[in-house]
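Asks: I'm passing along query.csv; it holds CSV, C-alpha atoms (C1' of nucleotides).
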chain,number,residue,atom,x,y,z
A,1042,MET,CA,37.7,-0.5,-3.7
A,1043,THR,CA,35.1,-3.2,-3.4
A,1044,ARG,CA,32.5,-2.5,-0.8
A,1045,PRO,CA,31.2,-5.8,0.5
A,1046,GLN,CA,27.9,-4.2,1.7
A,1047,ALA,CA,27.2,-2.8,-1.7
A,1048,LEU,CA,28.0,-6.0,-3.5
A,1049,ARG,CA,25.9,-8.1,-1.1
A,1050,GLN,CA,23.1,-5.7,-1.4
A,1051,ALA,CA,23.3,-5.8,-5.2
A,1052,GLU,CA,23.2,-9.6,-5.1
A,1053,GLU,CA,20.3,-9.7,-2.8
A,1054,GLU,CA,18.4,-7.2,-5.0
A,1055,GLY,CA,19.7,-8.8,-8.1
A,1056,GLY,CA,16.3,-9.0,-9.7
A,1057,ASP,CA,14.9,-5.6,-9.2
A,1058,TYR,CA,17.1,-3.6,-11.6
A,1059,ARG,CA,14.7,-2.1,-14.1
A,1060,LEU,CA,16.4,-0.7,-17.1
A,1061,ASP,CA,13.4,1.5,-17.9
A,1062,ALA,CA,13.8,3.4,-14.6
A,1063,GLN,CA,17.5,4.2,-14.9
A,1064,ILE,CA,18.7,7.7,-15.6
A,1065,GLY,CA,20.8,6.7,-18.6
A,1066,PHE,CA,17.9,5.0,-20.3
A,1067,LEU,CA,15.5,7.8,-19.6
A,1068,LEU,CA,18.0,10.4,-20.9
A,1069,ARG,CA,18.4,8.5,-24.1
A,1070,LYS,CA,14.7,8.2,-24.7
A,1071,ALA,CA,14.1,11.9,-23.9
A,1072,ASN,CA,16.9,12.7,-26.3
A,1073,GLN,CA,15.4,10.5,-29.0
A,1074,ARG,CA,12.1,12.3,-28.7
A,1075,HIS,CA,13.7,15.6,-28.9
A,1076,LEU,CA,15.6,14.6,-32.1
A,1077,THR,CA,12.3,13.6,-33.7
A,1078,ILE,CA,10.8,17.0,-32.8
A,1079,PHE,CA,13.8,18.8,-34.1
A,1080,ALA,CA,13.9,17.0,-37.4
A,1081,ALA,CA,10.2,17.8,-37.9
A,1082,GLN,CA,10.8,21.5,-37.4
A,1083,ILE,CA,14.2,22.0,-39.0
A,1084,SER,CA,14.7,19.6,-41.8
A,1085,GLU,CA,17.6,21.3,-43.5
A,1086,LEU,CA,20.0,21.0,-40.5
A,1087,THR,CA,20.8,18.3,-38.0
A,1088,PRO,CA,20.9,19.4,-34.3
A,1089,ARG,CA,24.8,19.4,-34.4
A,1090,GLN,CA,24.9,21.4,-37.6
A,1091,PHE,CA,22.4,23.8,-36.1
A,1092,ALA,CA,24.5,24.1,-32.9
A,1093,ALA,CA,27.6,24.9,-34.9
A,1094,LEU,CA,26.0,27.6,-37.0
A,1095,ALA,CA,24.2,29.1,-34.0
A,1096,LYS,CA,27.4,29.4,-32.1
A,1097,LEU,CA,29.1,31.0,-35.1
A,1098,LEU,CA,26.4,33.5,-35.3
A,1099,GLU,CA,26.6,34.2,-31.6
A,1100,LEU,CA,30.3,34.4,-31.2
A,1101,GLY,CA,31.6,35.2,-34.7
A,1102,PRO,CA,34.4,33.3,-36.5
A,1103,LEU,CA,36.0,30.6,-34.3
A,1104,SER,CA,38.7,28.1,-34.7
A,1105,GLN,CA,37.4,24.6,-35.4
A,1106,ASN,CA,38.4,23.2,-32.1
A,1107,ARG,CA,37.0,26.1,-30.1
A,1108,LEU,CA,33.8,25.8,-32.0
A,1109,GLY,CA,33.8,22.1,-31.1
A,1110,ARG,CA,34.2,22.9,-27.4
A,1111,ALA,CA,31.5,25.6,-27.5
A,1112,THR,CA,29.1,23.0,-28.9
A,1113,ALA,CA,30.3,20.0,-26.9
A,1114,MET,CA,31.7,18.0,-29.8
A,1115,ASP,CA,35.1,16.5,-29.8
A,1116,ALA,CA,37.7,17.2,-32.5
A,1117,ALA,CA,36.9,14.3,-34.7
A,1118,THR,CA,33.1,15.0,-34.5
A,1119,ILE,CA,33.3,18.7,-35.2
A,1120,LYS,CA,35.6,18.0,-38.2
A,1121,GLY,CA,32.9,15.9,-39.8
A,1122,VAL,CA,30.2,18.4,-39.1
A,1123,ILE,CA,32.3,21.3,-40.5
A,1124,GLY,CA,33.1,19.2,-43.5
A,1125,ARG,CA,29.4,18.7,-44.3
A,1126,LEU,CA,28.7,22.4,-43.7
A,1127,LEU,CA,31.6,23.3,-46.0
A,1128,ALA,CA,30.3,21.0,-48.7
A,1129,ARG,CA,27.0,22.9,-48.6
A,1130,ASP,CA,28.7,26.3,-48.6
A,1131,LEU,CA,27.2,27.3,-45.3
A,1132,VAL,CA,30.6,28.0,-43.8
A,1133,ILE,CA,34.1,28.7,-45.1
A,1134,THR,CA,37.5,28.0,-43.4
A,1135,ALA,CA,40.7,30.0,-43.6
A,1136,ALA,CA,44.1,29.6,-42.1
A,1137,ASP,CA,44.8,31.8,-39.1
A,1138,PRO,CA,47.9,33.9,-39.8
A,1139,SER,CA,48.6,34.4,-36.1
A,1140,ASP,CA,48.5,30.7,-35.3
A,1141,ARG,CA,49.2,28.4,-38.1
A,1142,ARG,CA,47.7,25.4,-36.4
A,1143,ARG,CA,44.3,27.1,-36.4
A,1144,LEU,CA,41.6,26.8,-38.9
A,1145,THR,CA,39.2,29.7,-38.6
A,1146,VAL,CA,35.6,28.8,-39.4
A,1147,SER,CA,33.1,31.6,-40.5
A,1148,LEU,CA,29.5,31.7,-41.7
A,1149,THR,CA,28.9,32.4,-45.4
A,1150,ARG,CA,26.1,34.6,-46.5
A,1151,SER,CA,23.8,31.6,-47.1
A,1152,GLY,CA,24.9,30.0,-43.8
A,1153,ARG,CA,24.0,33.2,-41.9
A,1154,GLN,CA,20.7,33.3,-43.7
A,1155,LEU,CA,19.9,29.7,-42.9
A,1156,ILE,CA,20.7,29.9,-39.3
A,1157,GLU,CA,18.8,33.1,-38.8
A,1158,GLU,CA,15.8,31.5,-40.3
A,1159,SER,CA,16.2,28.4,-38.3
A,1160,LEU,CA,16.4,30.3,-35.1
A,1161,LEU,CA,12.9,31.4,-35.7
A,1162,HIS,CA,11.8,27.7,-35.3
A,1163,ALA,CA,14.3,26.8,-32.6
A,1164,ARG,CA,12.3,28.2,-29.7
A,1165,ARG,CA,9.3,26.2,-30.7
A,1166,ILE,CA,11.4,23.0,-30.7
A,1167,SER,CA,12.3,23.6,-27.1
A,1168,GLU,CA,8.7,24.4,-26.2
A,1169,THR,CA,7.3,21.3,-27.9
A,1170,THR,CA,9.9,19.1,-26.2
A,1171,LEU,CA,8.9,20.5,-22.8
A,1172,GLU,CA,5.2,20.4,-23.7
A,1173,PRO,CA,4.3,17.5,-21.4
A,1174,LEU,CA,5.4,19.5,-18.4
A,1175,THR,CA,3.9,22.6,-16.7
A,1176,PRO,CA,6.0,25.7,-17.0
A,1177,GLY,CA,7.1,25.3,-13.4
A,1178,GLU,CA,8.1,21.7,-14.0
A,1179,ALA,CA,10.0,22.7,-17.1
A,1180,ARG,CA,12.0,25.2,-15.2
A,1181,GLN,CA,12.8,22.6,-12.5
A,1182,LEU,CA,13.9,20.1,-15.1
A,1183,LEU,CA,16.2,22.5,-16.8
A,1184,ALA,CA,17.8,23.5,-13.5
A,1185,LEU,CA,18.2,19.8,-12.4
A,1186,ILE,CA,19.8,18.7,-15.7
A,1187,GLU,CA,22.1,21.7,-15.7
A,1188,LYS,CA,23.2,20.8,-12.2
A,1189,LEU,CA,23.9,17.3,-13.5
A,1190,THR,CA,26.6,18.4,-16.0
B,133,MET,CA,30.3,41.8,-38.8
B,134,THR,CA,26.5,41.9,-38.9
B,135,ARG,CA,25.8,40.9,-35.3
B,136,PRO,CA,23.4,43.8,-34.7
B,137,GLN,CA,21.0,42.1,-37.2
B,138,ALA,CA,21.0,38.9,-35.2
B,139,LEU,CA,20.5,40.7,-32.0
B,140,ARG,CA,17.6,42.7,-33.4
B,141,GLN,CA,16.0,39.6,-34.8
B,142,ALA,CA,16.4,37.9,-31.4
B,143,GLU,CA,14.7,40.8,-29.7
B,144,GLU,CA,11.8,40.7,-32.1
B,145,GLU,CA,11.4,37.1,-31.3
B,146,GLY,CA,10.8,38.1,-27.7
B,147,GLY,CA,14.0,37.1,-25.9
B,148,ASP,CA,17.5,35.8,-26.7
B,149,TYR,CA,18.2,32.3,-27.7
B,150,ARG,CA,21.0,30.7,-25.8
B,151,LEU,CA,22.0,27.3,-27.1
B,152,ASP,CA,23.4,26.3,-23.7
B,153,ALA,CA,20.1,26.8,-22.0
B,154,GLN,CA,18.0,24.7,-24.4
B,155,ILE,CA,16.6,21.4,-23.3
B,156,GLY,CA,18.1,19.6,-26.3
B,157,PHE,CA,21.6,20.8,-25.7
B,158,LEU,CA,21.4,20.0,-22.0
B,159,LEU,CA,20.0,16.5,-22.6
B,160,ARG,CA,22.8,15.8,-25.0
B,161,LYS,CA,25.5,17.0,-22.5
B,162,ALA,CA,23.9,15.0,-19.7
B,163,ASN,CA,23.8,12.0,-21.9
B,164,GLN,CA,27.5,12.4,-22.8
B,165,ARG,CA,28.5,12.6,-19.2
B,166,HIS,CA,26.5,9.4,-18.4
B,167,LEU,CA,28.2,7.6,-21.3
B,168,THR,CA,31.6,8.5,-19.9
B,169,ILE,CA,30.6,7.2,-16.5
B,170,PHE,CA,29.2,4.0,-18.0
B,171,ALA,CA,32.3,3.3,-20.0
B,172,ALA,CA,34.5,3.7,-16.9
B,173,GLN,CA,32.4,1.2,-15.0
B,174,ILE,CA,31.5,-1.4,-17.6
B,175,SER,CA,34.2,-1.5,-20.3
B,176,GLU,CA,33.2,-4.8,-21.9
B,177,LEU,CA,29.8,-3.6,-23.1
B,178,THR,CA,28.4,-0.4,-24.6
B,179,PRO,CA,25.2,0.9,-23.0
B,180,ARG,CA,23.1,-0.4,-25.9
B,181,GLN,CA,24.7,-3.9,-25.7
B,182,PHE,CA,24.1,-3.8,-21.9
B,183,ALA,CA,20.5,-2.8,-22.5
B,184,ALA,CA,19.9,-5.6,-24.9
B,185,LEU,CA,21.5,-8.3,-22.6
B,186,ALA,CA,19.7,-6.9,-19.5
B,187,LYS,CA,16.3,-7.1,-21.3
B,188,LEU,CA,17.0,-10.6,-22.4
B,189,LEU,CA,17.8,-11.6,-18.8
B,190,GLU,CA,14.7,-9.8,-17.6
B,191,LEU,CA,12.2,-11.1,-20.2
B,192,GLY,CA,13.9,-14.3,-21.6
B,193,PRO,CA,14.3,-15.0,-25.3
B,194,LEU,CA,12.7,-12.4,-27.6
B,195,SER,CA,12.4,-11.8,-31.3
B,196,GLN,CA,15.0,-9.3,-32.6
B,197,ASN,CA,12.4,-6.6,-33.3
B,198,ARG,CA,10.7,-7.0,-29.9
B,199,LEU,CA,14.0,-6.7,-28.2
B,200,GLY,CA,14.6,-3.5,-30.1
B,201,ARG,CA,11.4,-2.1,-29.0
B,202,ALA,CA,12.0,-3.1,-25.4
B,203,THR,CA,15.3,-1.2,-25.5
B,204,ALA,CA,14.2,1.7,-27.7
B,205,MET,CA,16.3,0.8,-30.7
B,206,ASP,CA,14.9,0.7,-34.2
B,207,ALA,CA,15.2,-2.3,-36.5
B,208,ALA,CA,18.4,-1.3,-38.2
B,209,THR,CA,20.1,-0.4,-34.9
B,210,ILE,CA,19.2,-3.5,-33.0
B,211,LYS,CA,20.4,-5.6,-35.9
B,212,GLY,CA,23.9,-4.1,-35.6
B,213,VAL,CA,23.9,-4.5,-31.8
B,214,ILE,CA,22.8,-8.1,-32.0
B,215,GLY,CA,25.3,-8.8,-34.8
B,216,ARG,CA,28.2,-7.6,-32.5
B,217,LEU,CA,26.8,-9.6,-29.5
B,218,LEU,CA,26.6,-12.7,-31.8
B,219,ALA,CA,30.2,-12.3,-32.9
B,220,ARG,CA,31.2,-12.4,-29.3
B,221,ASP,CA,29.0,-15.4,-28.5
B,222,LEU,CA,27.0,-13.5,-25.9
B,223,VAL,CA,23.7,-14.3,-27.7
B,224,ILE,CA,22.5,-16.8,-30.2
B,225,THR,CA,19.7,-16.5,-32.7
B,226,ALA,CA,17.3,-19.2,-34.0
B,227,ALA,CA,14.4,-19.2,-36.4
B,228,ASP,CA,10.9,-19.2,-34.8
B,229,PRO,CA,9.0,-22.2,-36.1
B,230,SER,CA,5.6,-20.6,-35.3
B,231,ASP,CA,6.4,-17.4,-37.3
B,232,ARG,CA,9.0,-17.8,-39.9
B,233,ARG,CA,9.7,-14.1,-40.1
B,234,ARG,CA,10.9,-14.0,-36.6
B,235,LEU,CA,14.5,-14.4,-35.3
B,236,THR,CA,14.6,-15.4,-31.7
B,237,VAL,CA,17.5,-14.0,-29.7
B,238,SER,CA,18.6,-15.8,-26.5
B,239,LEU,CA,21.5,-15.3,-24.0
B,240,THR,CA,24.3,-17.8,-24.1
B,241,ARG,CA,25.9,-19.0,-20.9
B,242,SER,CA,28.7,-16.5,-21.2
B,243,GLY,CA,26.2,-13.8,-22.1
B,244,ARG,CA,24.2,-14.5,-19.0
B,245,GLN,CA,27.3,-14.5,-16.9
B,246,LEU,CA,28.5,-11.2,-18.3
B,247,ILE,CA,25.2,-9.4,-17.9
B,248,GLU,CA,24.7,-10.7,-14.3
B,249,GLU,CA,28.2,-9.5,-13.5
B,250,SER,CA,27.6,-6.1,-15.2
B,251,LEU,CA,24.4,-5.6,-13.3
B,252,LEU,CA,26.4,-5.5,-10.1
B,253,HIS,CA,28.0,-2.3,-11.4
B,254,ALA,CA,25.0,-0.9,-13.1
B,255,ARG,CA,23.4,0.5,-10.0
B,256,ARG,CA,26.6,2.4,-9.2
B,257,ILE,CA,26.6,3.9,-12.7
B,258,SER,CA,23.2,5.4,-12.1
B,259,GLU,CA,24.2,6.6,-8.6
B,260,THR,CA,27.3,8.3,-9.9
B,261,THR,CA,25.4,9.9,-12.7
B,262,LEU,CA,23.0,11.4,-10.2
B,263,GLU,CA,25.7,12.2,-7.7
B,264,PRO,CA,25.6,16.0,-8.2
B,265,LEU,CA,22.0,16.0,-7.0
B,266,THR,CA,20.5,15.4,-3.6
B,267,PRO,CA,18.4,12.2,-3.3
B,268,GLY,CA,15.2,14.3,-3.4
B,269,GLU,CA,16.4,16.2,-6.5
B,270,ALA,CA,17.3,12.9,-8.2
B,271,ARG,CA,13.9,11.5,-7.6
B,272,GLN,CA,12.4,14.6,-9.0
B,273,LEU,CA,14.6,14.6,-12.1
B,274,LEU,CA,13.7,11.0,-12.8
B,275,ALA,CA,10.0,11.7,-12.5
B,276,LEU,CA,10.2,14.8,-14.7
B,277,ILE,CA,12.2,13.1,-17.5
B,278,GLU,CA,9.8,10.1,-17.4
B,279,LYS,CA,6.9,12.5,-17.8
B,280,LEU,CA,8.7,14.0,-20.8
B,281,THR,CA,8.7,10.8,-22.9
C,442,DA,C1',-9.3,-18.4,-51.1
C,443,DT,C1',-7.3,-14.5,-51.7
C,444,DC,C1',-6.3,-9.6,-51.7
C,445,DG,C1',-4.4,-6.0,-49.2
C,446,DA,C1',-2.4,-4.4,-45.0
C,447,DC,C1',0.8,-5.1,-41.6
C,448,DT,C1',4.9,-7.1,-39.5
C,449,DT,C1',9.7,-8.8,-39.4
C,450,DG,C1',14.1,-8.6,-40.7
C,451,DT,C1',17.8,-6.8,-44.1
C,452,DT,C1',20.4,-3.5,-46.8
C,453,DT,C1',22.1,1.1,-48.0
C,454,DG,C1',23.4,5.6,-47.1
C,455,DT,C1',24.1,9.6,-44.0
C,456,DA,C1',25.4,11.6,-39.6
C,457,DC,C1',27.1,11.7,-35.3
C,458,DA,C1',30.4,10.1,-31.1
C,459,DC,C1',34.6,9.0,-29.2
C,460,DA,C1',39.2,6.5,-28.5
C,461,DA,C1',43.8,6.3,-30.1
C,462,DA,C1',47.6,7.6,-32.6
C,463,DC,C1',49.9,11.1,-35.2
C,464,DA,C1',52.2,15.6,-37.2
C,465,DG,C1',53.1,20.2,-36.8
C,466,DA,C1',52.9,24.6,-34.3
C,467,DA,C1',53.0,27.2,-30.1
C,468,DT,C1',54.1,27.7,-25.2
C,469,DT,C1',56.4,26.9,-21.0
C,470,DC,C1',60.2,25.9,-18.3
C,471,DT,C1',64.8,25.7,-17.4
D,158,DA,C1',68.2,28.9,-26.9
D,159,DG,C1',66.5,24.2,-26.3
D,160,DA,C1',63.7,20.6,-24.4
D,161,DA,C1',59.4,19.2,-22.7
D,162,DT,C1',54.8,20.0,-22.9
D,163,DT,C1',50.5,21.5,-24.7
D,164,DC,C1',47.4,22.6,-28.3
D,165,DT,C1',45.3,22.1,-33.0
D,166,DG,C1',43.8,19.5,-36.5
D,167,DT,C1',43.7,14.9,-39.1
D,168,DT,C1',43.0,10.0,-39.7
D,169,DT,C1',41.3,5.4,-38.6
D,170,DG,C1',38.3,2.2,-36.5
D,171,DT,C1',34.2,0.9,-33.9
D,172,DG,C1',29.5,1.6,-32.5
D,173,DT,C1',25.3,3.7,-32.5
D,174,DA,C1',21.0,6.2,-34.8
D,175,DC,C1',17.5,6.5,-38.2
D,176,DA,C1',15.3,7.2,-42.9
D,177,DA,C1',14.1,4.7,-46.9
D,178,DA,C1',13.4,0.9,-49.7
D,179,DC,C1',12.8,-3.9,-50.1
D,180,DA,C1',11.5,-9.2,-49.7
D,181,DA,C1',9.1,-12.5,-47.4
D,182,DG,C1',5.8,-14.1,-44.0
D,183,DT,C1',1.2,-13.5,-41.5
D,184,DC,C1',-3.4,-12.1,-40.9
D,185,DG,C1',-8.0,-9.9,-41.3
D,186,DA,C1',-11.6,-8.8,-44.4
D,187,DT,C1',-14.0,-9.9,-48.2
Kindly transcribe the structure held in the file into structure tokens.
Replies:
Amino acid sequence: MTRPQALRQAEEEGGDYRLDAQIGFLLRKANQRHLTIFAAQISELTPRQFAALAKLLELGPLSQNRLGRATAMDAATIKGVIGRLLARDLVITAADPSDRRRLTVSLTRSGRQLIEESLLHARRISETTLEPLTPGEARQLLALIEKLT
Amino acid sequence: MTRPQALRQAEEEGGDYRLDAQIGFLLRKANQRHLTIFAAQISELTPRQFAALAKLLELGPLSQNRLGRATAMDAATIKGVIGRLLARDLVITAADPSDRRRLTVSLTRSGRQLIEESLLHARRISETTLEPLTPGEARQLLALIEKLT
DNA sequence: ATCGACTTGTTTGTACACAAACAGAATTCT
DNA sequence: AGAATTCTGTTTGTGTACAAACAAGTCGAT
């Protein structure tokens, strides 16, 4: 489906593509900034590990794949994350008797403690990330990004 | 299990924390969607490789670190990216006589050709990413994210 | 002229991210 | 029931990201 107009237009405007003004580049930079802020506030957990523990606290024990879906990580990624949480005794896994494919992941006592503690800082992370914006702008931004997904 | 505790703690904090509504989580998901769209349109290059080549086209030969800064990648990351572009003969590197620490990176003929061709699709990638929004909303979003960085 | 601070690039180690291919279990459809 | 399909988890391989520590080159201040 080549659109001659689009192609010609692109060629005519060939020089005016500015990487720094593209949505993808801006999303990446915003994300980088957020990760820096996160790491400064919660040094014991990465954002993905935090997300996994937070979802377990919110929803209770979940199968590994379900947890991955709830935190937007694919099967291979969530496996790595859970593996690292397991190694630190923050979660435990157990076979699901009702479905032998499933691996049920649950918080341990120390996992629960760490995530509850971390949640106290989590709000501040979001606030700091949005700090350059007015409250109204922040709400707008959240709505627009949500619409994007 | 002990969900009441979590709920009580959340209430003390002055509202409930929903991971899915946090700026960091939304940024990550938006980014993921963009990467999928990118990969579908430009399969020969990753977004970072594209960014590096695009900046070289825009600015001409640059030292490795400068190129990293121009594309928001740190020294270790840009080294990996350049290494892979080198292996595919899309760029070449040369010592800078005026500053012997520097490694000047330039486009090769095929690198220039590939990035010029890719740029023809790049605009569509940004358009597709922003498709769920009206043009006005898209402009707003870009402005807000830019303000965030 | 040289000392100290900074810059450039490299290496190592940890942590995602996702595609692809696979095995085993559960479900659906006939 | 049996076959086809779908789902769950694992493994492998490639490509970012970034912290930390390091060597070597450059430069400003003394």
Asks: Taking all atoms listed in the file into account and nothing else, which residues of chain D lie no more than 12 Å away from chain B? Please answer as a list of chain:residue names.
Replies: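 Interface list for chain D against chain B: D:DT171, D:DG172, D:DT173, D:DA174, D:DC175, D:DA176, D:DA177, D:DA180, D:DA181, D:DG182, D:DT183, D:DC184.
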Asks: Please find the residues of chain A near chain B - the criterion being any atom within 8 Å, counting only C-alpha atoms - and write them as a ChimeraX atom specification.
Replies: /A:1048,1051-1052,1055,1058,1060,1062-1065,1067-1072,1074-1075,1092,1095-1096,1098-1099,1101,1113,1157,1160-1161,1164,1167,1170-1174,1178,1182-1183,1185-1190
Asks: I need the contact residues of chain C against chain B, so if you could list those with any atom within 10 Å, counting all atoms listed in the file, and return them as a PDB file with C-alpha atoms (C1' of nucleotides), in the coordinates of the input, that would help.
Replies:
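So selection39.pdb came out as:
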ATOM      1  C1'  DT C 448       4.900  -7.100 -39.500  1.00  0.00           C
ATOM      2  C1'  DT C 449       9.700  -8.800 -39.400  1.00  0.00           C
ATOM      3  C1'  DG C 450      14.100  -8.600 -40.700  1.00  0.00           C
ATOM      4  C1'  DT C 451      17.800  -6.800 -44.100  1.00  0.00           C
ATOM      5  C1'  DT C 452      20.400  -3.500 -46.800  1.00  0.00           C
ATOM      6  C1'  DA C 458      30.400  10.100 -31.100  1.00  0.00           C
ATOM      7  C1'  DC C 459      34.600   9.000 -29.200  1.00  0.00           C
TER       8       DC C 459
END
Asks: Return the Cα root-mean-square deviation, in Å, for chain B superposed on chain A by least squares with the Cα atoms paired in order.
Replies: 4.6 Å
Asks: If we count only C-alpha atoms (C1' of nucleotides) and set the cut-off at 9 Å, which residues sit around A:Ile1133, ignoring sequence neighbours fewer than 4 positions away in its own chain? Please answer as a list in words.
Replies: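 Surrounding residues, per the criterion: Ile1123, Leu1126, Leu1127, Thr1145, Val1146, Ser1147, Leu1148 and Thr1149 of chain A.
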Asks: Give me, please, the distance in Å between atom CA of B:Leu177 and atom CA of B:Ile247, quoted to one decimal.
Replies: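 For atom CA of B:Leu177 relative to atom CA of B:Ile247, the distance reads 9.0 Å.
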Asks: Restricting the calculation to all atoms listed in the file, which member of A:Pro1176, A:Ser1084, A:Ala1136, A:Leu1097 is positioned closest to D:DT165?
Replies: A:Ala1136
Asks: Since the input is missing atoms, can you rebuild N, CA and C atoms for stretch 181-204 of chain B and write them as an mmCIF file, in the coordinates of the input?
Replies:
data_model
loop_
_atom_site.group_PDB
_atom_site.id
_atom_site.type_symbol
_atom_site.label_atom_id
_atom_site.label_comp_id
_atom_site.auth_asym_id
_atom_site.auth_seq_id
_atom_site.Cartn_x
_atom_site.Cartn_y
_atom_site.Cartn_z
ATOM 1 N N GLN B 181 24.465 -2.435 -25.835
ATOM 2 C CA GLN B 181 24.700 -3.900 -25.700
ATOM 3 C C GLN B 181 24.228 -4.306 -24.300
ATOM 4 N N PHE B 182 24.558 -3.506 -23.317
ATOM 5 C CA PHE B 182 24.100 -3.800 -21.900
ATOM 6 C C PHE B 182 22.599 -3.831 -21.875
ATOM 7 N N ALA B 183 21.963 -2.849 -22.494
ATOM 8 C CA ALA B 183 20.500 -2.800 -22.500
ATOM 9 C C ALA B 183 19.887 -4.042 -23.086
ATOM 10 N N ALA B 184 20.445 -4.463 -24.205
ATOM 11 C CA ALA B 184 19.900 -5.600 -24.900
ATOM 12 C C ALA B 184 20.050 -6.885 -24.016
ATOM 13 N N LEU B 185 21.223 -7.079 -23.459
ATOM 14 C CA LEU B 185 21.500 -8.300 -22.600
ATOM 15 C C LEU B 185 20.591 -8.193 -21.354
ATOM 16 N N ALA B 186 20.469 -7.010 -20.765
ATOM 17 C CA ALA B 186 19.700 -6.900 -19.500
ATOM 18 C C ALA B 186 18.217 -7.227 -19.801
ATOM 19 N N LYS B 187 17.700 -6.802 -20.952
ATOM 20 C CA LYS B 187 16.300 -7.100 -21.300
ATOM 21 C C LYS B 187 16.121 -8.586 -21.544
ATOM 22 N N LEU B 188 17.115 -9.193 -22.164
ATOM 23 C CA LEU B 188 17.000 -10.600 -22.400
ATOM 24 C C LEU B 188 17.008 -11.394 -21.076
ATOM 25 N N LEU B 189 17.798 -10.915 -20.138
ATOM 26 C CA LEU B 189 17.800 -11.600 -18.800
ATOM 27 C C LEU B 189 16.483 -11.356 -18.126
ATOM 28 N N GLU B 190 15.929 -10.171 -18.287
ATOM 29 C CA GLU B 190 14.700 -9.800 -17.600
ATOM 30 C C GLU B 190 13.498 -10.577 -18.193
ATOM 31 N N LEU B 191 13.449 -10.647 -19.512
ATOM 32 C CA LEU B 191 12.200 -11.100 -20.200
ATOM 33 C C LEU B 191 12.413 -12.511 -20.832
ATOM 34 N N GLY B 192 13.633 -13.019 -20.889
ATOM 35 C CA GLY B 192 13.900 -14.300 -21.600
ATOM 36 C C GLY B 192 13.963 -14.038 -23.088
ATOM 37 N N PRO B 193 14.103 -15.106 -23.873
ATOM 38 C CA PRO B 193 14.300 -15.000 -25.300
ATOM 39 C C PRO B 193 13.195 -14.144 -25.975
ATOM 40 N N LEU B 194 13.606 -13.324 -26.928
ATOM 41 C CA LEU B 194 12.700 -12.400 -27.600
ATOM 42 C C LEU B 194 13.049 -12.343 -29.068
ATOM 43 N N SER B 195 12.093 -11.998 -29.904
ATOM 44 C CA SER B 195 12.400 -11.800 -31.300
ATOM 45 C C SER B 195 13.252 -10.490 -31.391
ATOM 46 N N GLN B 196 14.045 -10.389 -32.457
ATOM 47 C CA GLN B 196 15.000 -9.300 -32.600
ATOM 48 C C GLN B 196 14.225 -7.925 -32.530
ATOM 49 N N ASN B 197 13.146 -7.807 -33.271
ATOM 50 C CA ASN B 197 12.400 -6.600 -33.300
ATOM 51 C C ASN B 197 11.782 -6.214 -31.940
ATOM 52 N N ARG B 198 11.238 -7.242 -31.270
ATOM 53 C CA ARG B 198 10.700 -7.000 -29.900
ATOM 54 C C ARG B 198 11.716 -6.520 -28.982
ATOM 55 N N LEU B 199 12.876 -7.127 -29.065
ATOM 56 C CA LEU B 199 14.000 -6.700 -28.200
ATOM 57 C C LEU B 199 14.357 -5.266 -28.491
ATOM 58 N N GLY B 200 14.350 -4.924 -29.771
ATOM 59 C CA GLY B 200 14.600 -3.500 -30.100
ATOM 60 C C GLY B 200 13.624 -2.600 -29.522
ATOM 61 N N ARG B 201 12.367 -2.955 -29.579
ATOM 62 C CA ARG B 201 11.400 -2.100 -29.000
ATOM 63 C C ARG B 201 11.524 -1.953 -27.496
ATOM 64 N N ALA B 202 11.854 -3.074 -26.861
ATOM 65 C CA ALA B 202 12.000 -3.100 -25.400
ATOM 66 C C ALA B 202 13.210 -2.203 -24.973
ATOM 67 N N THR B 203 14.141 -1.980 -25.871
ATOM 68 C CA THR B 203 15.300 -1.200 -25.500
ATOM 69 C C THR B 203 15.398 0.114 -26.292
ATOM 70 N N ALA B 204 14.292 0.465 -26.924
ATOM 71 C CA ALA B 204 14.200 1.700 -27.700
ATOM 72 C C ALA B 204 15.235 1.855 -28.766
#
